[in-house]
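Structure file my_file-v4.txt; described as compact mmCIF, C-alpha atoms and all ligand atoms.
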```txt
# COMPACT_ATOMS: atom_id res chain seq x y z
CA MET A 132 -8.10 -28.08 -85.29
CA ALA A 133 -10.78 -30.35 -83.74
CA PRO A 134 -11.30 -29.81 -79.96
CA GLN A 135 -9.69 -32.43 -77.71
CA PRO A 136 -12.15 -34.62 -75.77
CA LYS A 137 -12.30 -33.73 -72.07
CA ALA A 138 -14.48 -36.62 -70.95
CA ARG A 139 -14.76 -40.29 -71.79
CA VAL A 140 -17.96 -42.33 -71.65
CA ALA A 141 -18.07 -46.09 -72.15
CA LEU A 142 -21.14 -47.15 -74.11
CA VAL A 143 -21.80 -50.90 -74.22
CA ARG A 144 -24.66 -53.23 -75.04
CA ALA A 145 -26.48 -55.63 -72.71
CA GLN A 146 -29.48 -57.26 -74.27
CA ASP A 147 -31.40 -57.89 -71.03
CA TYR A 148 -30.90 -58.38 -67.28
CA GLU A 149 -29.53 -61.92 -67.52
CA PRO A 150 -26.82 -61.75 -64.79
CA ALA A 151 -23.85 -63.18 -66.73
CA GLY A 152 -24.57 -60.89 -69.70
CA VAL A 153 -24.87 -57.79 -67.53
CA ARG A 154 -21.61 -58.63 -65.77
CA ARG A 155 -19.77 -59.13 -69.07
CA ALA A 156 -21.07 -55.80 -70.37
CA LEU A 157 -20.07 -53.99 -67.16
CA GLU A 158 -16.60 -55.52 -67.23
CA ARG A 159 -16.19 -54.32 -70.79
CA ALA A 160 -17.38 -50.81 -69.94
CA LEU A 161 -15.06 -50.52 -66.95
CA ALA A 162 -12.11 -51.94 -68.89
CA LEU A 163 -12.66 -49.28 -71.57
CA LEU A 164 -12.33 -46.67 -68.81
CA GLY A 165 -9.11 -48.20 -67.50
CA GLY A 166 -10.57 -50.49 -64.83
CA LEU A 167 -12.67 -50.06 -61.70
CA GLU A 168 -9.59 -49.83 -59.51
CA GLY A 169 -8.67 -46.53 -61.13
CA VAL A 170 -11.82 -45.02 -59.63
CA VAL A 171 -12.40 -47.05 -56.45
CA PRO A 172 -9.29 -47.54 -54.29
CA ARG A 173 -8.99 -50.95 -52.58
CA GLY A 174 -10.62 -50.97 -49.15
CA ALA A 175 -12.43 -47.63 -49.69
CA LYS A 176 -15.75 -46.84 -48.00
CA VAL A 177 -18.25 -46.79 -50.85
CA PHE A 178 -21.84 -45.58 -51.00
CA VAL A 179 -23.85 -46.74 -54.00
CA LYS A 180 -26.84 -44.53 -54.84
CA VAL A 181 -29.58 -46.34 -56.71
CA ASN A 182 -32.82 -44.84 -57.99
CA LEU A 183 -35.84 -46.20 -56.11
CA LEU A 184 -39.37 -44.84 -56.13
CA PRO A 185 -42.34 -45.55 -53.87
CA PRO A 186 -44.03 -48.93 -54.23
CA PRO A 187 -45.42 -50.59 -56.17
CA SER A 188 -42.44 -50.09 -58.52
CA PRO A 189 -41.52 -53.61 -59.65
CA PRO A 190 -38.28 -53.71 -61.69
CA GLU A 191 -40.06 -54.74 -64.91
CA ARG A 192 -41.90 -51.39 -65.07
CA GLY A 193 -38.63 -49.58 -65.81
CA ILE A 194 -39.09 -47.12 -62.93
CA ILE A 195 -36.14 -48.07 -60.74
CA THR A 196 -32.51 -49.05 -61.21
CA HIS A 197 -32.94 -52.78 -61.91
CA PRO A 198 -31.71 -54.90 -58.97
CA ALA A 199 -29.90 -57.31 -61.35
CA PHE A 200 -27.97 -54.33 -62.75
CA ALA A 201 -27.13 -53.05 -59.26
CA GLU A 202 -26.16 -56.56 -58.19
CA ALA A 203 -23.63 -56.87 -61.01
CA VAL A 204 -22.04 -53.52 -60.09
CA LEU A 205 -21.98 -54.41 -56.39
CA ALA A 206 -20.37 -57.79 -57.09
CA LEU A 207 -17.54 -56.04 -58.97
CA LEU A 208 -17.12 -53.48 -56.19
CA LYS A 209 -16.95 -56.28 -53.61
CA GLU A 210 -13.83 -57.58 -55.30
CA LEU A 211 -12.17 -54.30 -54.26
CA THR A 212 -13.67 -53.46 -50.91
CA PRO A 213 -15.92 -54.96 -48.22
CA HIS A 214 -17.09 -51.50 -47.07
CA ILE A 215 -20.10 -51.00 -49.31
CA VAL A 216 -23.47 -49.49 -48.45
CA VAL A 217 -26.22 -49.28 -51.06
CA GLY A 218 -29.42 -47.30 -50.77
CA ASP A 219 -31.75 -44.40 -51.40
CA ASP A 220 -34.12 -42.27 -49.35
CA VAL A 221 -37.52 -43.95 -49.45
CA HIS A 222 -40.82 -43.24 -47.68
CA GLU A 223 -41.66 -46.90 -47.25
CA ALA A 224 -39.27 -49.74 -46.51
CA ARG A 225 -41.54 -51.83 -48.78
CA SER A 226 -39.74 -50.13 -51.69
CA PHE A 227 -36.72 -52.28 -50.88
CA GLU A 228 -38.74 -55.51 -50.80
CA LEU A 229 -40.86 -54.87 -53.87
CA GLY A 230 -37.91 -53.55 -55.86
CA GLY A 231 -35.99 -56.77 -55.15
CA TYR A 232 -33.23 -54.96 -53.22
CA ARG A 233 -33.72 -56.56 -49.80
CA GLU A 234 -33.25 -60.06 -51.18
CA MET A 235 -30.39 -59.07 -53.51
CA CYS A 236 -28.39 -57.33 -50.74
CA ARG A 237 -28.94 -60.25 -48.36
CA ARG A 238 -27.58 -62.60 -51.02
CA LEU A 239 -24.52 -60.42 -51.59
CA GLY A 240 -23.92 -59.56 -47.94
CA VAL A 241 -24.07 -55.81 -48.63
CA GLU A 242 -25.68 -53.28 -46.28
CA LEU A 243 -28.92 -51.77 -47.59
CA LEU A 244 -29.75 -48.35 -46.13
CA ASN A 245 -32.73 -46.05 -46.15
CA LEU A 246 -30.82 -42.75 -46.04
CA ARG A 247 -33.16 -41.14 -43.49
CA GLU A 248 -32.17 -43.76 -40.91
CA ARG A 249 -28.71 -42.24 -40.55
CA GLY A 250 -29.77 -38.61 -40.86
CA PHE A 251 -28.55 -35.62 -42.87
CA VAL A 252 -25.80 -33.06 -42.35
CA GLU A 253 -25.87 -29.38 -43.27
CA MET A 254 -23.59 -28.21 -46.01
CA ALA A 255 -22.94 -24.66 -47.26
CA LEU A 256 -23.20 -24.15 -51.01
CA ASP A 257 -21.59 -21.58 -53.24
CA GLY A 258 -22.39 -20.49 -56.73
CA GLY A 259 -25.93 -21.60 -57.56
CA VAL A 260 -29.48 -20.99 -56.34
CA LEU A 261 -29.16 -22.68 -52.92
CA LYS A 262 -26.95 -21.33 -50.16
CA LYS A 263 -27.09 -24.48 -48.05
CA VAL A 264 -28.46 -27.98 -48.24
CA TYR A 265 -28.72 -31.13 -46.13
CA ILE A 266 -26.90 -34.17 -47.50
CA ALA A 267 -27.33 -37.73 -46.24
CA ARG A 268 -24.71 -38.57 -43.62
CA ALA A 269 -24.00 -41.93 -45.28
CA VAL A 270 -23.14 -40.12 -48.53
CA ARG A 271 -20.97 -37.51 -46.81
CA GLU A 272 -19.08 -40.12 -44.86
CA ALA A 273 -18.33 -42.34 -47.85
CA GLU A 274 -14.94 -41.99 -49.50
CA VAL A 275 -16.35 -42.92 -52.89
CA LEU A 276 -19.84 -42.23 -54.23
CA VAL A 277 -21.02 -44.51 -57.01
CA ASN A 278 -24.12 -43.35 -58.90
CA LEU A 279 -26.45 -45.91 -60.55
CA PRO A 280 -29.22 -43.93 -62.26
CA LYS A 281 -31.94 -45.18 -64.58
CA LEU A 282 -32.34 -43.72 -68.08
CA LYS A 283 -35.83 -42.16 -68.04
CA THR A 284 -37.91 -39.27 -69.24
CA HIS A 285 -39.25 -36.75 -66.72
CA ALA A 286 -42.42 -34.69 -67.03
CA LEU A 287 -40.82 -31.60 -65.46
CA THR A 288 -37.12 -31.82 -66.40
CA THR A 289 -37.55 -33.74 -69.70
CA PHE A 290 -34.85 -36.25 -68.72
CA THR A 291 -33.79 -37.90 -65.48
CA GLY A 292 -30.50 -39.72 -65.16
CA ALA A 293 -27.16 -39.13 -63.47
CA ILE A 294 -27.62 -35.55 -62.19
CA LYS A 295 -31.22 -35.96 -61.10
CA ASN A 296 -30.51 -39.23 -59.24
CA LEU A 297 -28.53 -37.27 -56.66
CA TYR A 298 -31.66 -35.30 -55.68
CA GLY A 299 -32.45 -38.35 -53.55
CA VAL A 300 -29.58 -37.64 -51.12
CA ILE A 301 -31.42 -34.73 -49.48
CA PRO A 302 -34.36 -35.16 -47.05
CA ALA A 303 -37.78 -35.89 -48.55
CA GLY A 304 -39.36 -32.82 -46.91
CA LEU A 305 -36.72 -30.57 -48.43
CA ARG A 306 -37.23 -32.19 -51.83
CA THR A 307 -40.93 -31.33 -51.69
CA ALA A 308 -40.26 -27.79 -50.43
CA LEU A 309 -37.72 -27.07 -53.18
CA HIS A 310 -40.23 -28.17 -55.81
CA GLY A 311 -42.62 -25.60 -54.34
CA GLU A 312 -40.03 -22.82 -54.18
CA HIS A 313 -38.56 -23.38 -57.66
CA PRO A 314 -41.37 -24.73 -59.87
CA ALA A 315 -40.08 -23.51 -63.26
CA PRO A 316 -38.12 -26.26 -65.07
CA GLN A 317 -35.07 -24.11 -65.78
CA GLU A 318 -34.84 -22.91 -62.16
CA PHE A 319 -35.50 -26.33 -60.68
CA ALA A 320 -32.71 -27.70 -62.88
CA GLN A 321 -30.32 -25.27 -61.17
CA VAL A 322 -31.42 -26.62 -57.80
CA LEU A 323 -30.67 -30.14 -59.04
CA VAL A 324 -27.25 -29.03 -60.21
CA ASP A 325 -26.56 -27.36 -56.81
CA ILE A 326 -27.23 -30.67 -55.09
CA PHE A 327 -25.19 -32.56 -57.66
CA ALA A 328 -22.30 -30.15 -56.96
CA ALA A 329 -22.52 -31.09 -53.27
CA ALA A 330 -22.57 -34.85 -53.92
CA ARG A 331 -20.33 -35.53 -56.91
CA PRO A 332 -20.01 -39.21 -57.77
CA ALA A 333 -16.62 -40.72 -58.58
CA LEU A 334 -18.30 -43.10 -60.99
CA THR A 335 -21.67 -43.17 -62.72
CA VAL A 336 -23.00 -46.33 -64.33
CA MET A 337 -26.37 -45.84 -65.99
CA ASP A 338 -28.99 -48.55 -66.42
CA GLY A 339 -30.33 -48.06 -69.92
CA ILE A 340 -31.00 -51.74 -70.57
CA VAL A 341 -34.70 -51.07 -70.23
CA ALA A 342 -35.32 -47.32 -70.19
CA MET A 343 -38.56 -45.41 -69.71
CA GLU A 344 -40.15 -43.31 -72.44
CA GLY A 345 -43.29 -41.14 -72.50
CA ALA A 346 -44.68 -39.84 -69.21
CA GLY A 347 -41.71 -40.62 -66.95
CA PRO A 348 -40.32 -40.86 -64.39
CA ALA A 349 -42.93 -43.26 -63.02
CA ASN A 350 -45.87 -43.52 -65.39
CA GLY A 351 -44.14 -43.90 -68.74
CA THR A 352 -43.61 -47.02 -70.80
CA PRO A 353 -40.62 -49.37 -70.45
CA ARG A 354 -38.49 -49.17 -73.57
CA PRO A 355 -35.75 -51.77 -74.08
CA LEU A 356 -32.61 -49.97 -75.31
CA GLY A 357 -29.97 -52.53 -74.27
CA LEU A 358 -27.52 -49.81 -73.18
CA ILE A 359 -25.10 -49.36 -70.31
CA LEU A 360 -23.19 -46.08 -69.98
CA ALA A 361 -20.30 -45.52 -67.58
CA SER A 362 -17.93 -42.67 -66.79
CA PRO A 363 -16.35 -40.79 -63.90
CA ASP A 364 -18.08 -37.75 -65.48
CA ALA A 365 -21.79 -37.95 -64.63
CA VAL A 366 -22.66 -34.94 -66.79
CA ALA A 367 -21.09 -36.62 -69.82
CA VAL A 368 -23.09 -39.81 -69.10
CA ASP A 369 -26.30 -37.76 -69.17
CA ALA A 370 -25.21 -36.01 -72.36
CA VAL A 371 -24.50 -39.26 -74.21
CA ALA A 372 -27.73 -40.85 -72.95
CA GLN A 373 -29.73 -37.79 -74.00
CA SER A 374 -28.20 -37.86 -77.43
CA ALA A 375 -28.96 -41.59 -77.70
CA ILE A 376 -32.67 -40.84 -77.27
CA GLY A 377 -32.65 -37.91 -79.68
CA LEU A 378 -32.27 -34.94 -77.33
CA ASP A 379 -29.73 -32.18 -77.77
CA PRO A 380 -27.90 -32.38 -74.39
CA LEU A 381 -27.20 -28.67 -74.04
CA ARG A 382 -30.93 -28.01 -74.49
CA VAL A 383 -31.66 -30.07 -71.37
CA TRP A 384 -31.45 -27.68 -68.45
CA THR A 385 -29.61 -29.94 -65.98
CA THR A 386 -26.88 -30.76 -68.49
CA TYR A 387 -26.66 -27.15 -69.63
CA HIS A 388 -26.19 -25.73 -66.11
CA ALA A 389 -23.80 -28.46 -64.94
CA HIS A 390 -21.69 -27.97 -68.08
CA ARG A 391 -21.72 -24.18 -67.72
CA ARG A 392 -20.58 -24.44 -64.11
CA GLY A 393 -17.71 -26.77 -65.01
CA LEU A 394 -19.12 -29.72 -63.08
CA GLY A 395 -18.68 -32.02 -66.05
CA VAL A 396 -18.85 -32.04 -69.82
CA GLY A 397 -22.22 -31.72 -71.51
CA ASP A 398 -21.00 -30.81 -74.98
CA LEU A 399 -20.76 -33.90 -77.17
CA ARG A 400 -17.88 -32.38 -79.13
CA GLU A 401 -15.79 -32.66 -75.97
CA ILE A 402 -16.77 -36.24 -75.14
CA GLU A 403 -15.06 -39.35 -76.43
CA VAL A 404 -17.50 -42.26 -76.64
CA LEU A 405 -15.73 -45.60 -76.16
CA GLY A 406 -17.11 -48.99 -77.16
CA GLU A 407 -20.23 -48.85 -79.32
CA SER A 408 -20.89 -46.10 -81.82
CA LEU A 409 -23.38 -43.56 -80.49
CA GLU A 410 -24.58 -42.88 -84.00
CA GLY A 411 -25.31 -46.56 -84.54
CA LEU A 412 -27.34 -46.85 -81.33
CA ARG A 413 -29.35 -43.62 -81.52
CA VAL A 414 -33.10 -44.23 -81.12
CA ARG A 415 -35.03 -41.98 -83.47
CA ASP A 416 -38.54 -42.69 -82.19
CA PHE A 417 -38.01 -42.43 -78.42
CA ARG A 418 -41.16 -40.85 -76.97
CA LEU A 419 -40.46 -37.76 -74.86
CA PRO A 420 -42.74 -36.49 -72.06
CA PRO A 421 -45.84 -34.42 -72.81
CA ALA A 422 -44.27 -31.10 -71.81
CA ALA A 423 -42.40 -28.39 -73.62
CA GLY A 424 -39.82 -28.10 -70.84
CA GLU A 425 -36.76 -27.29 -72.89
CA MET A 426 -38.47 -24.25 -74.35
CA MET A 427 -39.40 -22.88 -70.94
CA GLY A 428 -36.89 -20.25 -69.90
CA ARG A 429 -36.04 -19.48 -73.50
CA VAL A 430 -39.10 -17.29 -73.95
CA PRO A 431 -38.71 -13.53 -73.32
CA ALA A 432 -39.30 -12.50 -69.67
CA PRO A 433 -42.65 -10.68 -70.27
CA LEU A 434 -44.07 -13.93 -71.67
CA THR A 435 -43.01 -16.15 -68.75
CA ARG A 436 -46.44 -16.27 -67.09
CA TRP A 437 -48.12 -16.99 -70.39
CA ALA A 438 -45.52 -19.65 -71.19
CA THR A 439 -45.93 -21.37 -67.82
CA ARG A 440 -49.66 -21.63 -68.43
CA HIS A 441 -49.29 -23.09 -71.90
CA LEU A 442 -45.93 -24.88 -72.16
CA GLN A 443 -45.95 -26.75 -68.86
CA ALA A 444 -48.36 -29.65 -68.69
CA GLN A 445 -51.25 -29.55 -66.24
CA PRO A 446 -51.92 -32.58 -64.02
CA VAL A 447 -55.43 -33.96 -64.38
CA VAL A 448 -56.86 -36.73 -62.16
CA VAL A 449 -58.32 -39.73 -64.00
CA PRO A 450 -61.01 -40.77 -61.46
CA ALA A 451 -61.52 -44.23 -62.96
CA ARG A 452 -57.91 -45.15 -62.12
CA CYS A 453 -57.59 -43.34 -58.80
CA VAL A 454 -57.59 -45.71 -55.81
CA GLY A 455 -57.48 -42.91 -53.22
CA CYS A 456 -54.07 -43.92 -51.82
CA GLY A 457 -53.17 -40.27 -51.02
CA ALA A 458 -49.59 -40.47 -52.35
CA CYS A 459 -50.18 -37.41 -54.55
CA VAL A 460 -51.54 -35.43 -51.57
CA ARG A 461 -48.42 -36.20 -49.51
CA ALA A 462 -46.14 -35.25 -52.39
CA CYS A 463 -47.83 -31.94 -53.22
CA PRO A 464 -45.85 -28.91 -51.96
CA THR A 465 -48.75 -26.43 -52.14
CA GLY A 466 -51.80 -28.36 -50.91
CA ALA A 467 -53.30 -28.30 -54.40
CA ALA A 468 -53.70 -32.10 -54.51
CA GLN A 469 -56.41 -33.18 -52.11
CA LEU A 470 -58.57 -36.19 -51.39
CA ARG A 471 -62.29 -35.63 -51.80
CA GLY A 472 -64.13 -38.70 -50.67
CA LYS A 473 -62.00 -41.51 -52.00
CA LYS A 474 -60.68 -39.74 -55.09
CA ALA A 475 -57.90 -37.23 -55.66
CA TRP A 476 -58.79 -33.71 -56.73
CA ILE A 477 -56.55 -30.82 -57.81
CA ASP A 478 -57.16 -27.19 -56.89
CA ARG A 479 -56.07 -25.37 -60.07
CA LYS A 480 -55.49 -22.06 -58.25
CA LYS A 481 -52.90 -23.63 -55.96
CA CYS A 482 -51.22 -25.87 -58.55
CA ILE A 483 -47.72 -24.79 -59.63
CA ARG A 484 -47.31 -27.69 -62.12
CA CYS A 485 -44.30 -29.18 -60.37
CA MET A 486 -45.36 -32.75 -61.34
CA CYS A 487 -44.68 -34.20 -57.88
CA CYS A 488 -48.18 -35.73 -57.82
CA HIS A 489 -47.62 -37.32 -61.22
CA GLU A 490 -44.33 -38.80 -60.06
CA ALA A 491 -45.85 -40.08 -56.80
CA CYS A 492 -48.86 -41.82 -58.37
CA ARG A 493 -48.28 -45.50 -59.12
CA TYR A 494 -51.72 -46.04 -60.66
CA ASP A 495 -51.31 -43.82 -63.73
CA ALA A 496 -54.23 -41.83 -62.35
CA ILE A 497 -52.71 -38.40 -63.02
CA ALA A 498 -52.66 -37.56 -66.68
CA LEU A 499 -50.65 -34.68 -68.14
CA HIS A 500 -52.63 -32.25 -70.21
CA LEU A 501 -51.23 -29.71 -72.66
CA ASP A 502 -53.58 -27.18 -74.22
CA LEU A 503 -53.52 -26.36 -77.95
CA TRP A 504 -50.68 -23.82 -77.58
CA GLY A 505 -48.68 -26.30 -75.52
CA ARG A 506 -49.11 -29.05 -78.10
CA PHE A 507 -48.11 -26.70 -80.89
CA PHE A 508 -44.95 -25.53 -79.10
CA ARG A 509 -44.07 -29.04 -78.03
CA ALA A 510 -44.16 -30.17 -81.64
CA ALA A 511 -42.07 -27.14 -82.64
CA GLU A 512 -39.63 -27.82 -79.82
CA ARG A 513 -39.09 -31.38 -80.95
CA VAL A 514 -38.24 -30.11 -84.42
CA VAL A 515 -35.97 -27.31 -83.20
CA TYR A 516 -34.18 -29.06 -80.34
CA ARG A 517 -33.77 -32.63 -81.54
CA ASP A 518 -30.19 -33.80 -81.75
CA ARG A 519 -29.60 -34.43 -85.43
CA ARG A 520 -25.99 -35.53 -85.23
S1 LIG A 601 -54.25 -39.89 -58.02
FE1 LIG A 601 -52.84 -41.60 -57.76
S2 LIG A 601 -51.60 -41.04 -56.00
FE2 LIG A 601 -53.40 -39.71 -55.95
S3 LIG A 601 -54.84 -40.77 -54.63
FE3 LIG A 601 -55.32 -41.37 -56.74
S4 LIG A 601 -54.15 -43.26 -57.04
FE4 LIG A 601 -53.28 -42.30 -55.21
S1 LIG A 602 -51.18 -30.70 -57.75
FE1 LIG A 602 -49.37 -31.79 -58.51
S2 LIG A 602 -48.41 -30.42 -60.01
FE2 LIG A 602 -49.89 -29.20 -58.78
S3 LIG A 602 -48.64 -28.34 -57.15
FE3 LIG A 602 -49.50 -30.22 -56.34
S4 LIG A 602 -47.95 -31.78 -56.80
FE4 LIG A 602 -47.43 -29.98 -58.02
```
Encoding of this model in structure tokens:
Amino acid sequence: MAPQPKARVALVRAQDYEPAGVRRALERALALLGGLEGVVPRGAKVFVKVNLLPPPSPPERGIITHPAFAEAVLALLKELTPHIVVGDDVHEARSFELGGYREMCRRLGVELLNLRERGFVEMALDGGVLKKVYIARAVREAEVLVNLPKLKTHALTTFTGAIKNLYGVIPAGLRTALHGEHPAPQEFAQVLVDIFAAARPALTVMDGIVAMEGAGPANGTPRPLGLILASPDAVAVDAVAQSAIGLDPLRVWTTYHAHRRGLGVGDLREIEVLGESLEGLRVRDFRLPPAAGEMMGRVPAPLTRWATRHLQAQPVVVPARCVGCGACVRACPTGAAQLRGKKAWIDRKKCIRCMCCHEACRYDAIALHLDLWGRFFRAAERVVYRDRR
């Protein structure tokens, strides 16, 4: 007998960010799930977590949750409750201006919050790598958490979406420190899942209208997919999105660990996809990041050091593009990224290949280098781990 689906994900099309089209698509997705009111009680205090990155990250680069997408979700939420706060934890308030969020929230009359302004509260954790964590007060105090991730690749974790978006609810300093303490992709994924367990969204709506392929999450290429995914199960949203871009969800560490811990459903056989056919929308040529992340952790223990050296990409500064802004230096947990004169420089001995510098650089001035072994295994990994359903 075929297994019964445990999770439902609405998968709908939206050709671009034209407001009326996005709203229609969202209404369809939510109707397929039984309506927004089934997830967000009338009058509830709602926090909406978007994915913002340091400026300059204009919406058209595919780095952030598009403000037109967020606006359409917020407008629907406003029909149910006036108590809505939207935000993320950002280093510079300019992120809100340049991302189009300041203007959009003013127009809608919704509060826009930089999470650090209201502080963080300690929370004990049970069952994963972390024993405690600090979660944004605004998130803890909300009655309903709505998660609006962007569908993107990630140089360290292969994929970033629903689970990874919640990493932004902890303080920036802790985010950097945890990268330093848990640099291996499979271990860092467990940290992400710990934080996800502490901040579980009631609803996830993923912006896959224009996704990012290649060297994500900030220096890849925008890739129009025309997809919106929605579900109360964030893990299932990630799984369907991963499958749509040709990844086997249970080979992506975040999905694997969240599924194993019962925090959601990552196995496609247990997910009912509503709306469009996943098979019909699957993108066969989606470019994945230059790293063999899924294979890391699946090599025998004695080979771990060797594997780290060869399967994880190495960041390399491209001096011609470097403007000396120092963002990589501030993001580096080990002091490996430094400024020498007006150009960045990386101390190989200190580098743990966490990719924070790559994510922080907005000038595409940190390239990812895989040696011959790395390139060979990456090619093998793509053959072995691709989702062929
Ligand atoms: S590498 Fe990028 S982030 Fe680092 S200083 Fe140069 S431009 Fe800035
Ligand atoms: S140089 Fe980059 S990859 Fe290396 S430790 Fe620093 S932030 Fe991480």
Using only C-alpha atoms and all ligand atoms, which protein or nucleic acid residues are at most 10 Å from ligand LIG 602 (chain A), as a PyMOL selection string? chain A and resi 287+307+310-311+314+443-448+458-469+475-491+497+499
So that I can check the surroundings of Tyr232 (chain A), please list as an MDAnalysis selection string every protein, DNA and RNA residue that reaches within 9 Å of it, counting all atoms listed in the file and ignoring chain neighbours fewer than 6 positions away. chainID A and resid 197:198 201:202 218 226 243
Quick one: write out the picked residues with C-alpha atoms as a CSV table (one decimal), in the coordinates of the input?
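So the final result, stored in out24.csv, reads:
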```
chain,number,residue,atom,x,y,z
A,197,HIS,CA,-32.9,-52.8,-61.9
A,198,PRO,CA,-31.7,-54.9,-59.0
A,201,ALA,CA,-27.1,-53.0,-59.3
A,202,GLU,CA,-26.2,-56.6,-58.2
A,218,GLY,CA,-29.4,-47.3,-50.8
A,226,SER,CA,-39.7,-50.1,-51.7
A,243,LEU,CA,-28.9,-51.8,-47.6
```
Which residues are close to Arg139 (chain A), i.e. within 12 Å by all atoms listed in the file, leaving aside same-chain residues fewer than 2 positions away? Reply as a CSV table (one decimal) with C-alpha atoms, in the frame of the given file.
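As a result, selection-v6.csv now contains:
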```csv
chain,number,residue,atom,x,y,z
A,135,GLN,CA,-9.7,-32.4,-77.7
A,136,PRO,CA,-12.2,-34.6,-75.8
A,137,LYS,CA,-12.3,-33.7,-72.1
A,141,ALA,CA,-18.1,-46.1,-72.2
A,142,LEU,CA,-21.1,-47.2,-74.1
A,160,ALA,CA,-17.4,-50.8,-69.9
A,161,LEU,CA,-15.1,-50.5,-67.0
A,163,LEU,CA,-12.7,-49.3,-71.6
A,164,LEU,CA,-12.3,-46.7,-68.8
A,165,GLY,CA,-9.1,-48.2,-67.5
A,334,LEU,CA,-18.3,-43.1,-61.0
A,335,THR,CA,-21.7,-43.2,-62.7
A,360,LEU,CA,-23.2,-46.1,-70.0
A,361,ALA,CA,-20.3,-45.5,-67.6
A,362,SER,CA,-17.9,-42.7,-66.8
A,363,PRO,CA,-16.4,-40.8,-63.9
A,364,ASP,CA,-18.1,-37.8,-65.5
A,365,ALA,CA,-21.8,-38.0,-64.6
A,366,VAL,CA,-22.7,-34.9,-66.8
A,367,ALA,CA,-21.1,-36.6,-69.8
A,368,VAL,CA,-23.1,-39.8,-69.1
A,370,ALA,CA,-25.2,-36.0,-72.4
A,371,VAL,CA,-24.5,-39.3,-74.2
A,395,GLY,CA,-18.7,-32.0,-66.0
A,396,VAL,CA,-18.8,-32.0,-69.8
A,397,GLY,CA,-22.2,-31.7,-71.5
A,398,ASP,CA,-21.0,-30.8,-75.0
A,399,LEU,CA,-20.8,-33.9,-77.2
A,400,ARG,CA,-17.9,-32.4,-79.1
A,401,GLU,CA,-15.8,-32.7,-76.0
A,402,ILE,CA,-16.8,-36.2,-75.1
A,403,GLU,CA,-15.1,-39.4,-76.4
A,404,VAL,CA,-17.5,-42.3,-76.6
A,405,LEU,CA,-15.7,-45.6,-76.2
A,406,GLY,CA,-17.1,-49.0,-77.2
```
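Comparing the minimum interatomic distances between ligand LIG 601 (chain A) and each of A:Pro187, A:Arg391, A:Ala199, A:His214, counting only C-alpha atoms and all ligand atoms, we find that A:Pro187 sits nearest.
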One decimal, in Å: what's the spacing between CA of Arg155 (chain A) and CA of Leu358 (chain A)? 12.8 Å
Just the residues within 10 Å of Ile194 (chain A), please, counting only C-alpha atoms, with nothing from its chain fewer than 4 positions along; format it as an MDAnalysis selection string. chainID A and resid 182:185 187:190 230 281:283 341:343 347:353
At a cut-off of 10 Å, using all atoms listed in the file, what residues contact region 295-297 of chain A? Leave out same-chain residues fewer than 5 positions from it and give the result as a list in words. Lys180, Val181, Asn182, Leu183, Asp219, Ile266, Asn278, Leu279, Pro280, Lys281, His285, Thr288, Phe290, Ala320, Val322, Leu323, Val324, Ile326, Phe327, Ala328, Ala329, Ala330, Arg331, Pro332, Asp369 and Thr385 of chain A
Produce the centre coordinates and the three edge lengths, each in Å to one decimal, of the box along x, y and z that contains all listed atoms of region 462-470 of chain A with 3 Å added on each side, as AutoDock Vina command-line options.
```
--center_x -52.2 --center_y -31.3 --center_z -52.7 --size_x 18.7 --size_y 15.8 --size_z 9.6
```
Separation of CA of Val449 (chain A) and CA of Ala496 (chain A), in Å? 4.9 Å
Residues near Asp220 (chain A), anyone? I mean within 7 Å using only C-alpha atoms, not counting same-chain ones fewer than 6 positions away, as an MDAnalysis selection string. chainID A and resid 245:247 299:300
Atom pair atom S3 of ligand LIG 601 (chain A) / CA of Arg452 (chain A): separation (Å):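 So the two atoms, atom S3 of ligand LIG 601 (chain A) and CA of Arg452 (chain A), lie 9.2 Å apart.
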Could you tell me which of A:Pro450, A:Gly152, A:Gly166, A:Gly259 comes closest to ligand LIG 601 (chain A) if we count all atoms listed in the file?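 Using all atoms listed in the file, ligand LIG 601 (chain A) sits closest to A:Pro450.
The smallest atom-to-atom distance between ligand LIG 601 (chain A) and any of A:Asp338, A:Glu158, A:Glu410, A:Asp495, using only C-alpha atoms and all ligand atoms, is found for A:Asp495.
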Could you give me, as a VMD selection string, the residues that sit within 12 Å of (-20.1, -57.1, -54.9) in the file's coordinates, counting only C-alpha atoms? chain A and resid 154 177 179 199 to 217 235 to 242
How would the residues just chosen look if you wrote them out with C-alpha atoms as a compact mmCIF listing (two decimals), in the frame of the given file?
```txt
# COMPACT_ATOMS: atom_id res chain seq x y z
CA ARG A 154 -21.61 -58.63 -65.77
CA VAL A 177 -18.25 -46.79 -50.85
CA VAL A 179 -23.85 -46.74 -54.00
CA ALA A 199 -29.90 -57.31 -61.35
CA PHE A 200 -27.97 -54.33 -62.75
CA ALA A 201 -27.13 -53.05 -59.26
CA GLU A 202 -26.16 -56.56 -58.19
CA ALA A 203 -23.63 -56.87 -61.01
CA VAL A 204 -22.04 -53.52 -60.09
CA LEU A 205 -21.98 -54.41 -56.39
CA ALA A 206 -20.37 -57.79 -57.09
CA LEU A 207 -17.54 -56.04 -58.97
CA LEU A 208 -17.12 -53.48 -56.19
CA LYS A 209 -16.95 -56.28 -53.61
CA GLU A 210 -13.83 -57.58 -55.30
CA LEU A 211 -12.17 -54.30 -54.26
CA THR A 212 -13.67 -53.46 -50.91
CA PRO A 213 -15.92 -54.96 -48.22
CA HIS A 214 -17.09 -51.50 -47.07
CA ILE A 215 -20.10 -51.00 -49.31
CA VAL A 216 -23.47 -49.49 -48.45
CA VAL A 217 -26.22 -49.28 -51.06
CA MET A 235 -30.39 -59.07 -53.51
CA CYS A 236 -28.39 -57.33 -50.74
CA ARG A 237 -28.94 -60.25 -48.36
CA ARG A 238 -27.58 -62.60 -51.02
CA LEU A 239 -24.52 -60.42 -51.59
CA GLY A 240 -23.92 -59.56 -47.94
CA VAL A 241 -24.07 -55.81 -48.63
CA GLU A 242 -25.68 -53.28 -46.28
```
